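> Input file: protein20.cif. Contents: mmCIF, C-alpha atoms (C1' of nucleotides).
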data_start
#
loop_
_atom_site.label_atom_id
_atom_site.label_comp_id
_atom_site.auth_asym_id
_atom_site.auth_seq_id
_atom_site.Cartn_x
_atom_site.Cartn_y
_atom_site.Cartn_z
CA LYS C 10 37.01 -5.01 3.69
CA PRO C 11 36.26 -4.78 7.42
CA LEU C 12 39.99 -5.02 8.05
CA ILE C 13 40.72 -2.08 5.80
CA LEU C 14 37.95 -0.03 7.29
CA GLN C 15 39.33 -0.77 10.73
CA ALA C 16 42.77 0.30 9.59
CA LEU C 17 41.25 3.45 8.18
CA GLY C 18 39.51 4.15 11.44
CA SER C 19 42.60 3.71 13.53
CA GLY C 20 44.48 6.22 11.42
CA GLU C 21 47.06 3.95 9.83
CA PHE C 22 45.95 5.13 6.41
CA ASP C 23 46.41 8.77 7.33
CA TYR C 24 50.04 8.26 8.06
CA ILE C 25 50.78 6.78 4.67
CA GLU C 26 48.76 9.36 2.87
CA SER C 27 50.14 12.41 4.59
CA ALA C 28 53.66 11.15 4.12
CA SER C 29 53.22 10.95 0.39
CA GLU C 30 51.44 14.27 0.36
CA VAL C 31 54.42 15.88 2.03
CA PHE C 32 56.72 14.34 -0.52
CA GLU C 33 54.54 15.41 -3.38
CA THR C 34 54.22 18.94 -2.06
CA GLU C 35 58.00 19.20 -1.79
CA PHE C 36 58.34 17.89 -5.29
CA PHE C 37 55.99 20.45 -6.77
CA ARG C 38 57.45 23.30 -4.72
CA PHE C 39 60.84 22.34 -6.08
CA ILE C 40 59.93 22.17 -9.74
CA LYS C 41 57.92 25.33 -9.44
CA ALA C 42 60.58 27.32 -7.60
CA LYS C 43 63.19 26.24 -10.12
CA ALA C 44 60.92 27.28 -12.96
CA ILE C 45 61.09 23.72 -14.24
CA LEU C 46 57.35 23.49 -14.47
CA ASN C 47 57.21 26.70 -16.49
CA LYS C 48 59.87 25.51 -18.84
CA LEU C 49 58.00 22.27 -19.42
CA ALA C 50 54.74 24.09 -20.01
CA GLU C 51 56.30 26.60 -22.40
CA THR C 52 57.78 23.92 -24.59
CA TYR C 53 54.93 21.40 -24.47
CA PRO C 54 53.43 20.84 -27.94
CA SER C 55 49.98 22.09 -27.07
CA PRO C 56 47.12 21.34 -29.43
CA ARG C 57 45.21 24.32 -28.06
CA LYS C 58 44.98 27.65 -29.85
CA LYS C 59 43.50 29.39 -26.87
CA GLU C 60 44.45 28.64 -23.30
CA GLU C 61 41.90 28.68 -20.54
CA VAL C 62 43.25 26.14 -18.11
CA PRO C 63 47.01 26.77 -18.03
CA LEU C 64 49.35 24.19 -19.50
CA TRP C 65 51.51 24.07 -16.42
CA PHE C 66 48.53 22.74 -14.58
CA TYR C 67 48.09 20.04 -17.19
CA VAL C 68 51.74 19.02 -16.89
CA ALA C 69 51.61 19.09 -13.10
CA SER C 70 48.42 17.03 -13.04
CA ASN C 71 49.97 14.37 -15.21
CA LEU C 72 53.02 14.21 -13.00
CA SER C 73 50.79 13.93 -9.97
CA MET C 74 48.85 11.06 -11.47
CA ARG C 75 52.10 9.25 -12.26
CA LEU C 76 53.27 9.76 -8.68
CA HIS C 77 50.08 8.14 -7.50
CA GLY C 78 50.46 5.30 -9.94
CA VAL C 79 47.18 6.20 -11.54
CA HIS C 80 46.61 6.14 -15.28
CA SER C 81 42.91 6.62 -15.62
CA PHE C 82 41.69 10.16 -15.95
CA ASN C 83 38.51 9.47 -14.06
CA ALA C 84 40.64 8.91 -10.96
CA PHE C 85 41.94 12.45 -11.17
CA PRO C 86 39.53 13.90 -8.59
CA LEU C 87 40.78 11.29 -6.12
CA VAL C 88 44.37 12.20 -6.82
CA VAL C 89 43.57 15.84 -6.29
CA ARG C 90 41.80 15.12 -3.04
CA SER C 91 44.62 13.19 -1.50
CA GLY C 92 47.65 14.73 -3.09
CA GLY C 93 50.07 17.57 -2.70
CA LEU C 94 49.27 18.93 -6.12
CA LEU C 95 46.92 21.51 -4.69
CA ASN C 96 49.73 23.04 -2.73
CA VAL C 97 51.17 24.52 -5.89
CA LEU C 98 48.03 26.61 -5.94
CA GLY C 99 47.55 29.33 -3.39
CA PRO C 100 45.12 28.92 -0.51
CA LYS C 101 42.75 31.20 -2.36
CA GLU C 102 42.50 28.91 -5.38
CA ALA C 103 42.11 25.65 -3.52
CA GLN C 104 41.36 24.70 0.03
CA LYS C 105 40.32 21.77 2.08
CA VAL C 106 37.05 22.36 3.81
CA THR C 107 35.93 20.26 6.74
CA HIS C 108 32.20 20.06 7.11
CA PRO C 109 31.34 21.25 10.65
CA ASP C 110 28.70 18.57 11.28
CA THR C 111 29.76 15.48 9.38
CA GLY C 112 33.50 16.05 9.49
CA ASP C 113 33.75 15.19 5.80
CA VAL C 114 36.71 16.75 4.09
CA THR C 115 35.97 18.19 0.68
CA ILE C 116 37.98 20.31 -1.69
CA ALA C 117 36.82 23.70 -2.83
CA CYS C 118 38.57 25.02 -5.89
CA GLU C 119 38.48 28.31 -7.66
CA GLY C 120 39.06 26.89 -11.11
CA PHE C 121 40.42 28.68 -14.13
CA ASN C 122 37.14 29.63 -15.75
CA GLN C 123 33.47 30.02 -14.92
CA LYS C 124 32.12 27.24 -17.08
CA ASN C 125 31.30 24.85 -14.29
CA HIS C 126 27.72 24.21 -13.20
CA TYR C 127 28.71 22.32 -10.07
CA ASP C 128 31.00 23.15 -7.19
CA ARG C 129 34.53 22.30 -8.15
CA GLU C 130 36.24 19.43 -6.38
CA ALA C 131 39.28 19.90 -8.58
CA PRO C 132 40.77 22.93 -10.32
CA CYS C 133 39.61 21.55 -13.65
CA ASP C 134 37.43 18.77 -14.94
CA GLN C 135 39.20 15.48 -15.57
CA ASP C 136 37.94 15.57 -19.12
CA PHE C 137 40.08 18.62 -19.76
CA LEU C 138 43.12 16.41 -19.13
CA ARG C 139 41.76 13.62 -21.25
CA LYS C 140 40.99 15.78 -24.23
CA LEU C 141 44.24 17.69 -24.15
CA ALA C 142 46.14 14.43 -23.95
CA LYS C 143 44.17 12.96 -26.82
CA ASP C 144 44.59 16.03 -29.01
CA THR C 145 48.34 16.18 -28.54
CA GLU C 146 50.30 15.06 -31.61
CA PRO C 147 52.06 11.82 -30.63
CA ASP C 148 55.21 12.56 -32.63
CA ALA C 149 55.46 16.07 -31.26
CA LEU C 150 55.03 14.72 -27.75
CA MET C 151 57.84 12.21 -28.13
CA ARG C 152 60.07 14.82 -29.73
CA TRP C 153 59.30 17.16 -26.84
CA PHE C 154 60.32 14.56 -24.32
CA SER C 155 63.52 13.72 -26.12
CA THR C 156 64.62 17.33 -26.60
CA ASP C 157 63.05 19.92 -24.32
CA VAL C 158 62.70 17.63 -21.34
CA ALA C 159 66.24 16.34 -21.85
CA GLU C 160 67.43 19.94 -21.76
CA VAL C 161 65.71 20.44 -18.45
CA PHE C 162 67.60 17.43 -17.08
CA LYS C 163 70.77 18.99 -18.37
CA SER C 164 70.04 22.37 -16.81
CA GLN C 165 69.52 20.61 -13.49
CA ARG C 166 72.82 18.78 -13.89
CA ALA C 167 70.98 15.52 -13.61
CA PHE C 168 73.53 13.61 -15.65
CA ASP C 169 76.21 11.57 -13.97
CA LYS C 170 79.80 12.40 -15.00
CA GLU C 171 80.50 8.95 -16.31
CA GLY C 172 77.66 9.25 -18.75
CA ILE C 173 76.33 5.73 -18.80
CA PHE C 174 73.40 5.31 -21.14
CA ILE C 175 71.41 2.22 -21.95
CA GLY C 176 69.43 1.70 -25.11
CA ASP C 177 66.37 -0.43 -24.59
CA ALA C 178 63.46 -1.79 -26.56
CA SER C 179 60.57 -3.54 -24.92
CA TYR C 180 57.01 -4.50 -25.69
CA LEU C 181 54.20 -2.44 -24.34
CA PHE C 182 51.05 -4.52 -24.03
CA VAL C 183 47.68 -2.87 -24.31
CA PRO C 184 44.11 -4.18 -24.19
CA ASP C 185 42.87 -5.60 -27.46
CA ASN C 186 41.17 -2.43 -28.58
CA PRO C 187 41.65 -1.13 -32.13
CA ASN C 188 41.54 2.41 -30.78
CA TYR C 189 45.18 1.95 -29.84
CA GLU C 190 46.34 3.56 -33.07
CA GLY C 191 49.32 1.99 -34.71
CA SER C 192 49.43 -1.01 -32.41
CA VAL C 193 49.74 -4.48 -33.87
CA LYS C 194 48.77 -7.95 -32.75
CA LEU C 195 51.64 -10.39 -32.46
CA LEU C 196 51.98 -13.93 -31.21
CA PHE C 197 53.84 -14.18 -27.90
CA ASP C 198 55.06 -17.18 -25.95
CA ASP C 199 54.65 -17.49 -22.19
CA ASN C 200 57.89 -15.58 -21.59
CA ASP C 201 56.56 -12.51 -23.40
CA HIS C 202 58.81 -13.11 -26.38
CA PRO C 203 57.35 -12.78 -29.85
CA VAL C 204 57.07 -15.97 -31.87
CA SER C 205 57.77 -15.93 -35.58
CA GLU C 206 55.61 -17.88 -37.98
CA GLU C 207 58.36 -20.43 -38.70
CA ALA C 208 59.09 -20.94 -35.02
CA HIS C 209 55.41 -21.45 -34.37
CA LYS C 210 55.20 -24.18 -37.00
CA LYS C 211 58.03 -26.09 -35.36
CA MET C 212 56.37 -26.01 -31.97
CA THR C 213 54.61 -28.93 -30.35
CA ASP C 214 50.88 -28.58 -29.78
CA GLU C 215 51.53 -28.22 -26.09
CA GLN C 216 53.84 -25.25 -26.71
CA LYS C 217 51.40 -23.73 -29.15
CA THR C 218 48.61 -23.60 -26.61
CA ARG C 219 50.74 -21.40 -24.39
CA CYS C 220 51.15 -18.82 -27.13
CA GLN C 221 48.83 -15.88 -27.23
CA TRP C 222 47.96 -13.13 -29.66
CA ARG C 223 48.48 -9.85 -27.93
CA ARG C 224 48.13 -6.27 -29.01
CA CYS C 225 51.26 -4.28 -28.40
CA TYR C 226 53.57 -1.41 -29.18
CA LYS C 227 57.32 -1.39 -29.13
CA MET C 228 58.85 1.17 -26.81
CA VAL C 229 62.36 2.24 -27.68
CA SER C 230 64.11 4.28 -25.04
CA LEU C 231 67.39 5.72 -23.95
CA LEU C 232 68.00 5.36 -20.23
CA HIS C 233 70.52 7.13 -18.07
CA THR C 234 72.09 5.63 -14.96
CA ASN C 235 75.33 5.63 -13.00
CA ARG C 236 77.79 2.87 -12.22
CA THR C 237 76.15 1.90 -8.95
CA MET C 238 72.75 2.09 -10.62
CA ASP C 239 71.22 4.27 -7.93
CA PHE C 240 68.77 5.65 -10.42
CA PHE C 241 67.35 5.21 -13.88
CA PHE C 242 65.58 7.77 -15.93
CA PHE C 243 64.46 8.13 -19.52
CA VAL C 244 66.12 10.73 -21.67
CA ALA C 245 64.49 9.67 -24.92
CA LEU C 246 61.44 7.64 -25.70
CA LYS C 247 59.56 6.53 -28.76
CA VAL C 248 56.54 4.29 -29.10
CA LEU C 249 56.23 2.36 -32.36
CA PRO C 250 54.11 -0.42 -33.78
CA GLY C 251 55.08 -3.68 -32.12
CA ASN C 252 56.63 -5.12 -35.26
CA ALA C 253 58.88 -2.13 -36.00
CA HIS C 254 62.64 -2.46 -35.82
CA GLU C 255 64.37 -0.69 -32.97
CA SER C 256 67.92 -0.18 -34.20
CA PRO C 257 67.47 2.84 -36.50
CA VAL C 258 65.26 4.50 -33.92
CA LEU C 259 67.80 4.02 -31.20
CA TYR C 260 70.64 5.43 -33.33
CA GLU C 261 68.51 8.44 -34.08
CA GLN C 262 67.79 8.89 -30.39
CA VAL C 263 71.47 8.87 -29.54
CA ARG C 264 72.20 11.33 -32.34
CA GLN C 265 69.45 13.65 -31.20
CA PHE C 266 70.46 13.41 -27.58
CA VAL C 267 74.06 14.33 -28.37
CA GLU C 268 72.80 17.18 -30.49
CA THR C 269 70.56 18.70 -27.81
CA VAL C 270 72.50 17.96 -24.66
CA GLY C 271 76.02 17.76 -26.01
CA LYS C 272 78.68 15.25 -25.19
"C1'" DC H 293 38.58 -26.39 0.44
"C1'" DT H 294 39.13 -24.89 -4.13
"C1'" DA H 295 38.47 -24.55 -8.92
"C1'" DC H 296 35.16 -23.10 -11.96
"C1'" DC H 297 31.43 -20.42 -13.87
"C1'" DG H 298 27.78 -17.21 -14.54
"C1'" DT H 299 25.90 -12.90 -12.67
"C1'" DT H 300 26.18 -8.38 -10.95
"C1'" DA H 301 28.49 -4.21 -9.64
"C1'" DT H 302 31.89 -1.04 -10.48
"C1'" DA H 303 35.55 1.11 -13.04
"C1'" DC H 304 36.98 2.91 -17.12
"C1'" DT H 305 36.18 4.69 -22.22
"C1'" DT H 306 34.24 7.15 -25.56
"C1'" DG H 307 31.97 10.40 -28.33
"C1'" DA H 308 28.40 13.71 -28.52
"C1'" DC H 309 26.20 17.81 -26.74
"C1'" DT H 310 26.02 22.51 -24.42
"C1'" DG H 311 26.82 27.14 -23.34
"C1'" DG H 312 30.30 30.60 -22.99
"C1'" DC L 615 37.21 26.89 -30.22
"C1'" DC L 616 37.16 25.46 -25.39
"C1'" DA L 617 36.05 23.00 -21.18
"C1'" DG L 618 32.36 21.11 -18.63
"C1'" DT L 619 28.53 17.80 -18.74
"C1'" DC L 620 25.96 13.55 -20.08
"C1'" DA L 621 24.82 9.18 -21.47
"C1'" DA L 622 25.88 4.91 -23.31
"C1'" DG L 623 29.19 1.26 -24.27
"C1'" DT L 624 33.10 -2.02 -22.58
"C1'" DA L 625 36.16 -4.14 -19.63
"C1'" DT L 626 37.30 -5.77 -15.22
"C1'" DA L 627 36.62 -6.93 -10.50
"C1'" DA L 628 33.67 -8.74 -6.89
"C1'" DC L 629 30.32 -11.99 -5.53
"C1'" DG L 630 27.79 -16.18 -4.84
"C1'" DG L 631 26.77 -20.77 -5.84
"C1'" DT L 632 28.08 -25.39 -7.08
"C1'" DA L 633 30.57 -29.54 -8.37
"C1'" DG L 634 34.56 -32.17 -7.57
#
Hey, can you dump this file as structure tokens for me?

Amino acid sequence: KPLILQALGSGEFDYIESASEVFETEFFRFIKAKAILNKLAETYPSPRKKEEVPLWFYVASNLSMRLHGVHSFNAFPLVVRSGGLLNVLGPKEAQKVTHPDTGDVTIACEGFNQKNHYDREAPCDQDFLRKLAKDTEPDALMRWFSTDVAEVFKSQRAFDKEGIFIGDASYLFVPDNPNYEGSVKLLFDDNDHPVSEEAHKKMTDEQKTRCQWRRCYKMVSLLHTNRTMDFFFFVALKVLPGNAHESPVLYEQVRQFVETVGK
DNA sequence: CTACCGTTATACTTGACTGG
DNA sequence: CCAGTCAAGTATAACGGTAG
């Protein structure tokens, strides 16, 4: 702890942070200028009948959290504070304010409505993100990603000429919480491979102790890359119960991808 | 020194409530 | 119906002490 505080004091932290902020700002400028963000927001399967906080802000916030490697909504205010996300908003809507006496930097945001009781540190409450995410239909979301988002990639000519695609299925482990709808508990060995009942019977006691019941999903995806593998990105994605079979899903993904993007 | 264990603090979830 | 607020429940990390 003292070491980190010392590093903070000497400004090493600022360098890292501002560098990523610059990158993030560029990123959002780009997708905004190219109307990518609008396109994503227009096609997103919103569960809302009325829109107060705009959808593009929801999409942008999610992207920002992914860029920061954060997955918990309650960390959103932190992401806002340190990130380039605010730069998609004008200086009127959001600004950094340095307290004249203490030197503390806080964020003052306009917000999209007048429902707040407290001063806004972020353009919207983190619970707005949480609830919109929770209310989104999972199937519609996955369809959206595999069609509308794939079209955006196409419009940006993101696909390599050679057209190398990889079909993949992997296990997505989650905490053992029944709220993870549609997840199943399977027995895994210490290499993260599922163990069938017959295989488990044949095991020695020593092997058996290394097995663990774990709650999981199966994630079936279609990845795009080039020959030198400079990049990977998802063009289709579906999350299924962990014991589902991937083949039919993958074939459907390929079919749908060819249908929306073309050959 | 380190492996272990119980305690405490903090981070994260969750659902319910409120006022517009 | 919507987003902001609250309070209570869990999970996880940090801490401190102790035995080997």
> Please indicate the distance in Å from CA of Lys194 (chain C) to CA of Arg223 (chain C), rounded to one decimal place.
5.2 Å
> Could you state the separation of C1' of DA617 (chain L) and CA of Leu76 (chain C) in Å, given to one decimal place?
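Taking C1' of DA617 (chain L) as the start and CA of Leu76 (chain C) as the end point, the length is 25.1 Å.
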> Tell me which residues come within 12 Å of (32.9, 9.7, -31.2), as a VMD selection string, counting only C-alpha atoms (C1' of nucleotides) in the file's coordinates.
(chain C and resid 188) or (chain H and resid 305 to 309) or (chain L and resid 622 to 623)
> Those same residues - C-alpha atoms (C1' of nucleotides) - I'd like them written as a short mmCIF file (atom, residue, chain, number, x, y, z; two decimals), keeping the file's coordinate frame.

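Result file part_35.cif:
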data_model
loop_
_atom_site.label_atom_id
_atom_site.label_comp_id
_atom_site.auth_asym_id
_atom_site.auth_seq_id
_atom_site.Cartn_x
_atom_site.Cartn_y
_atom_site.Cartn_z
CA ASN C 188 41.54 2.41 -30.78
"C1'" DT H 305 36.18 4.69 -22.22
"C1'" DT H 306 34.24 7.15 -25.56
"C1'" DG H 307 31.97 10.40 -28.33
"C1'" DA H 308 28.40 13.71 -28.52
"C1'" DC H 309 26.20 17.81 -26.74
"C1'" DA L 622 25.88 4.91 -23.31
"C1'" DG L 623 29.19 1.26 -24.27
#
> Chain C residues within 9 Å of chain H, counting all atoms listed in the file: which ones, as a list in words?
Ser81, Phe82, Asn83, Gln123 and Lys124 of chain C
> Using only C-alpha atoms (C1' of nucleotides), I'd like every residue of chain L that has an atom within 10 Å of chain C; please write them out as a ChimeraX atom specification.
/L:615-619,625
> Print the selection's residues with C-alpha atoms (C1' of nucleotides) to a file, as a compact mmCIF listing (two decimals), in the frame of the given file.

# COMPACT_ATOMS: atom_id res chain seq x y z
C1' DC L 615 37.21 26.89 -30.22
C1' DC L 616 37.16 25.46 -25.39
C1' DA L 617 36.05 23.00 -21.18
C1' DG L 618 32.36 21.11 -18.63
C1' DT L 619 28.53 17.80 -18.74
C1' DA L 625 36.16 -4.14 -19.63
> Can you list, as a list of chain:residue names, every protein, DNA or RNA residue that comes within 9 Å of Arg90 (chain C) when you count all atoms listed in the file, leaving out same-chain residues fewer than 2 positions away?
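Close residues of Arg90 (chain C): C:Phe85, C:Pro86, C:Leu87, C:Val88, C:Gly92, C:Gly93, C:Leu94, C:Leu95, C:Lys105, C:Val114, C:Thr115, C:Ile116, C:Glu130, C:Ala131.
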> Please save C-alpha atoms of the selected residues as a PDB file, in the coordinates of the input.

ATOM      1  CA  PHE C  85      41.940  12.450 -11.170  1.00  0.00           C
ATOM      2  CA  PRO C  86      39.530  13.900  -8.590  1.00  0.00           C
ATOM      3  CA  LEU C  87      40.780  11.290  -6.120  1.00  0.00           C
ATOM      4  CA  VAL C  88      44.370  12.200  -6.820  1.00  0.00           C
ATOM      5  CA  GLY C  92      47.650  14.730  -3.090  1.00  0.00           C
ATOM      6  CA  GLY C  93      50.070  17.570  -2.700  1.00  0.00           C
ATOM      7  CA  LEU C  94      49.270  18.930  -6.120  1.00  0.00           C
ATOM      8  CA  LEU C  95      46.920  21.510  -4.690  1.00  0.00           C
ATOM      9  CA  LYS C 105      40.320  21.770   2.080  1.00  0.00           C
ATOM     10  CA  VAL C 114      36.710  16.750   4.090  1.00  0.00           C
ATOM     11  CA  THR C 115      35.970  18.190   0.680  1.00  0.00           C
ATOM     12  CA  ILE C 116      37.980  20.310  -1.690  1.00  0.00           C
ATOM     13  CA  GLU C 130      36.240  19.430  -6.380  1.00  0.00           C
ATOM     14  CA  ALA C 131      39.280  19.900  -8.580  1.00  0.00           C
TER      15      ALA C 131
END
> With all heavy atoms as the goal, would you fill in the gaps in region 79-90 of chain C and present it as a PDB file, in the coordinates of the input?

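And here is the file that came out, result04.pdb:
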ATOM      1  N   VAL C  79      48.515   6.238 -10.969  1.00  0.00           N
ATOM      2  CA  VAL C  79      47.180   6.200 -11.540  1.00  0.00           C
ATOM      3  C   VAL C  79      47.261   6.565 -13.021  1.00  0.00           C
ATOM      4  O   VAL C  79      47.993   7.470 -13.394  1.00  0.00           O
ATOM      5  CB  VAL C  79      46.256   7.204 -10.803  1.00  0.00           C
ATOM      6  CG1 VAL C  79      45.031   7.514 -11.609  1.00  0.00           C
ATOM      7  CG2 VAL C  79      45.888   6.660  -9.445  1.00  0.00           C
ATOM      8  N   HIS C  80      46.542   5.836 -13.854  1.00  0.00           N
ATOM      9  CA  HIS C  80      46.610   6.140 -15.280  1.00  0.00           C
ATOM     10  C   HIS C  80      45.260   6.458 -15.891  1.00  0.00           C
ATOM     11  O   HIS C  80      45.175   6.756 -17.064  1.00  0.00           O
ATOM     12  CB  HIS C  80      47.262   4.971 -16.028  1.00  0.00           C
ATOM     13  CG  HIS C  80      48.674   4.757 -15.617  1.00  0.00           C
ATOM     14  ND1 HIS C  80      49.039   3.839 -14.650  1.00  0.00           N
ATOM     15  CD2 HIS C  80      49.812   5.378 -15.974  1.00  0.00           C
ATOM     16  CE1 HIS C  80      50.335   3.907 -14.470  1.00  0.00           C
ATOM     17  NE2 HIS C  80      50.828   4.822 -15.256  1.00  0.00           N
ATOM     18  N   SER C  81      44.230   6.346 -15.092  1.00  0.00           N
ATOM     19  CA  SER C  81      42.910   6.620 -15.620  1.00  0.00           C
ATOM     20  C   SER C  81      42.486   8.035 -15.221  1.00  0.00           C
ATOM     21  O   SER C  81      42.570   8.417 -14.053  1.00  0.00           O
ATOM     22  CB  SER C  81      41.939   5.584 -15.078  1.00  0.00           C
ATOM     23  OG  SER C  81      40.714   6.168 -14.792  1.00  0.00           O
ATOM     24  N   PHE C  82      42.027   8.771 -16.215  1.00  0.00           N
ATOM     25  CA  PHE C  82      41.690  10.160 -15.950  1.00  0.00           C
ATOM     26  C   PHE C  82      40.540  10.287 -14.963  1.00  0.00           C
ATOM     27  O   PHE C  82      40.469  11.263 -14.228  1.00  0.00           O
ATOM     28  CB  PHE C  82      41.332  10.888 -17.247  1.00  0.00           C
ATOM     29  CG  PHE C  82      42.515  11.107 -18.135  1.00  0.00           C
ATOM     30  CD1 PHE C  82      42.571  10.529 -19.384  1.00  0.00           C
ATOM     31  CD2 PHE C  82      43.584  11.877 -17.705  1.00  0.00           C
ATOM     32  CE1 PHE C  82      43.668  10.723 -20.201  1.00  0.00           C
ATOM     33  CE2 PHE C  82      44.694  12.080 -18.513  1.00  0.00           C
ATOM     34  CZ  PHE C  82      44.745  11.506 -19.764  1.00  0.00           C
ATOM     35  N   ASN C  83      39.657   9.301 -14.960  1.00  0.00           N
ATOM     36  CA  ASN C  83      38.510   9.470 -14.060  1.00  0.00           C
ATOM     37  C   ASN C  83      38.911   9.345 -12.595  1.00  0.00           C
ATOM     38  O   ASN C  83      38.116   9.632 -11.721  1.00  0.00           O
ATOM     39  CB  ASN C  83      37.345   8.556 -14.451  1.00  0.00           C
ATOM     40  CG  ASN C  83      37.512   7.141 -13.983  1.00  0.00           C
ATOM     41  OD1 ASN C  83      38.494   6.793 -13.334  1.00  0.00           O
ATOM     42  ND2 ASN C  83      36.545   6.314 -14.301  1.00  0.00           N
ATOM     43  N   ALA C  84      40.156   8.949 -12.344  1.00  0.00           N
ATOM     44  CA  ALA C  84      40.640   8.910 -10.960  1.00  0.00           C
ATOM     45  C   ALA C  84      41.265  10.240 -10.557  1.00  0.00           C
ATOM     46  O   ALA C  84      41.696  10.402  -9.419  1.00  0.00           O
ATOM     47  CB  ALA C  84      41.652   7.783 -10.785  1.00  0.00           C
ATOM     48  N   PHE C  85      41.292  11.178 -11.465  1.00  0.00           N
ATOM     49  CA  PHE C  85      41.940  12.450 -11.170  1.00  0.00           C
ATOM     50  C   PHE C  85      41.382  13.178  -9.941  1.00  0.00           C
ATOM     51  O   PHE C  85      42.155  13.657  -9.110  1.00  0.00           O
ATOM     52  CB  PHE C  85      41.897  13.362 -12.405  1.00  0.00           C
ATOM     53  CG  PHE C  85      42.541  14.691 -12.197  1.00  0.00           C
ATOM     54  CD1 PHE C  85      43.898  14.795 -11.937  1.00  0.00           C
ATOM     55  CD2 PHE C  85      41.784  15.857 -12.248  1.00  0.00           C
ATOM     56  CE1 PHE C  85      44.495  16.030 -11.737  1.00  0.00           C
ATOM     57  CE2 PHE C  85      42.377  17.092 -12.047  1.00  0.00           C
ATOM     58  CZ  PHE C  85      43.729  17.182 -11.787  1.00  0.00           C
ATOM     59  N   PRO C  86      40.059  13.240  -9.791  1.00  0.00           N
ATOM     60  CA  PRO C  86      39.530  13.900  -8.590  1.00  0.00           C
ATOM     61  C   PRO C  86      40.065  13.277  -7.302  1.00  0.00           C
ATOM     62  O   PRO C  86      40.343  13.996  -6.338  1.00  0.00           O
ATOM     63  CB  PRO C  86      38.021  13.691  -8.717  1.00  0.00           C
ATOM     64  CG  PRO C  86      37.779  13.528 -10.164  1.00  0.00           C
ATOM     65  CD  PRO C  86      38.973  12.822 -10.703  1.00  0.00           C
ATOM     66  N   LEU C  87      40.232  11.958  -7.305  1.00  0.00           N
ATOM     67  CA  LEU C  87      40.780  11.290  -6.120  1.00  0.00           C
ATOM     68  C   LEU C  87      42.215  11.718  -5.869  1.00  0.00           C
ATOM     69  O   LEU C  87      42.616  11.967  -4.733  1.00  0.00           O
ATOM     70  CB  LEU C  87      40.747   9.765  -6.317  1.00  0.00           C
ATOM     71  CG  LEU C  87      39.380   9.114  -6.202  1.00  0.00           C
ATOM     72  CD1 LEU C  87      39.433   7.690  -6.729  1.00  0.00           C
ATOM     73  CD2 LEU C  87      38.952   9.120  -4.748  1.00  0.00           C
ATOM     74  N   VAL C  88      42.983  11.788  -6.954  1.00  0.00           N
ATOM     75  CA  VAL C  88      44.370  12.200  -6.820  1.00  0.00           C
ATOM     76  C   VAL C  88      44.456  13.614  -6.266  1.00  0.00           C
ATOM     77  O   VAL C  88      45.254  13.904  -5.385  1.00  0.00           O
ATOM     78  CB  VAL C  88      45.087  12.119  -8.193  1.00  0.00           C
ATOM     79  CG1 VAL C  88      46.454  12.763  -8.135  1.00  0.00           C
ATOM     80  CG2 VAL C  88      45.194  10.678  -8.637  1.00  0.00           C
ATOM     81  N   VAL C  89      43.588  14.460  -6.763  1.00  0.00           N
ATOM     82  CA  VAL C  89      43.570  15.840  -6.290  1.00  0.00           C
ATOM     83  C   VAL C  89      43.244  15.886  -4.796  1.00  0.00           C
ATOM     84  O   VAL C  89      43.890  16.579  -4.020  1.00  0.00           O
ATOM     85  CB  VAL C  89      42.529  16.676  -7.070  1.00  0.00           C
ATOM     86  CG1 VAL C  89      42.276  18.000  -6.388  1.00  0.00           C
ATOM     87  CG2 VAL C  89      43.009  16.900  -8.485  1.00  0.00           C
ATOM     88  N   ARG C  90      42.247  15.096  -4.428  1.00  0.00           N
ATOM     89  CA  ARG C  90      41.800  15.120  -3.040  1.00  0.00           C
ATOM     90  C   ARG C  90      42.888  14.722  -2.067  1.00  0.00           C
ATOM     91  O   ARG C  90      43.012  15.278  -0.993  1.00  0.00           O
ATOM     92  CB  ARG C  90      40.608  14.155  -2.875  1.00  0.00           C
ATOM     93  CG  ARG C  90      39.510  14.681  -1.996  1.00  0.00           C
ATOM     94  CD  ARG C  90      38.541  13.593  -1.623  1.00  0.00           C
ATOM     95  NE  ARG C  90      38.054  12.825  -2.758  1.00  0.00           N
ATOM     96  CZ  ARG C  90      37.090  13.232  -3.561  1.00  0.00           C
ATOM     97  NH1 ARG C  90      36.490  14.375  -3.362  1.00  0.00           N
ATOM     98  NH2 ARG C  90      36.705  12.483  -4.570  1.00  0.00           N
TER      99      ARG C  90
END
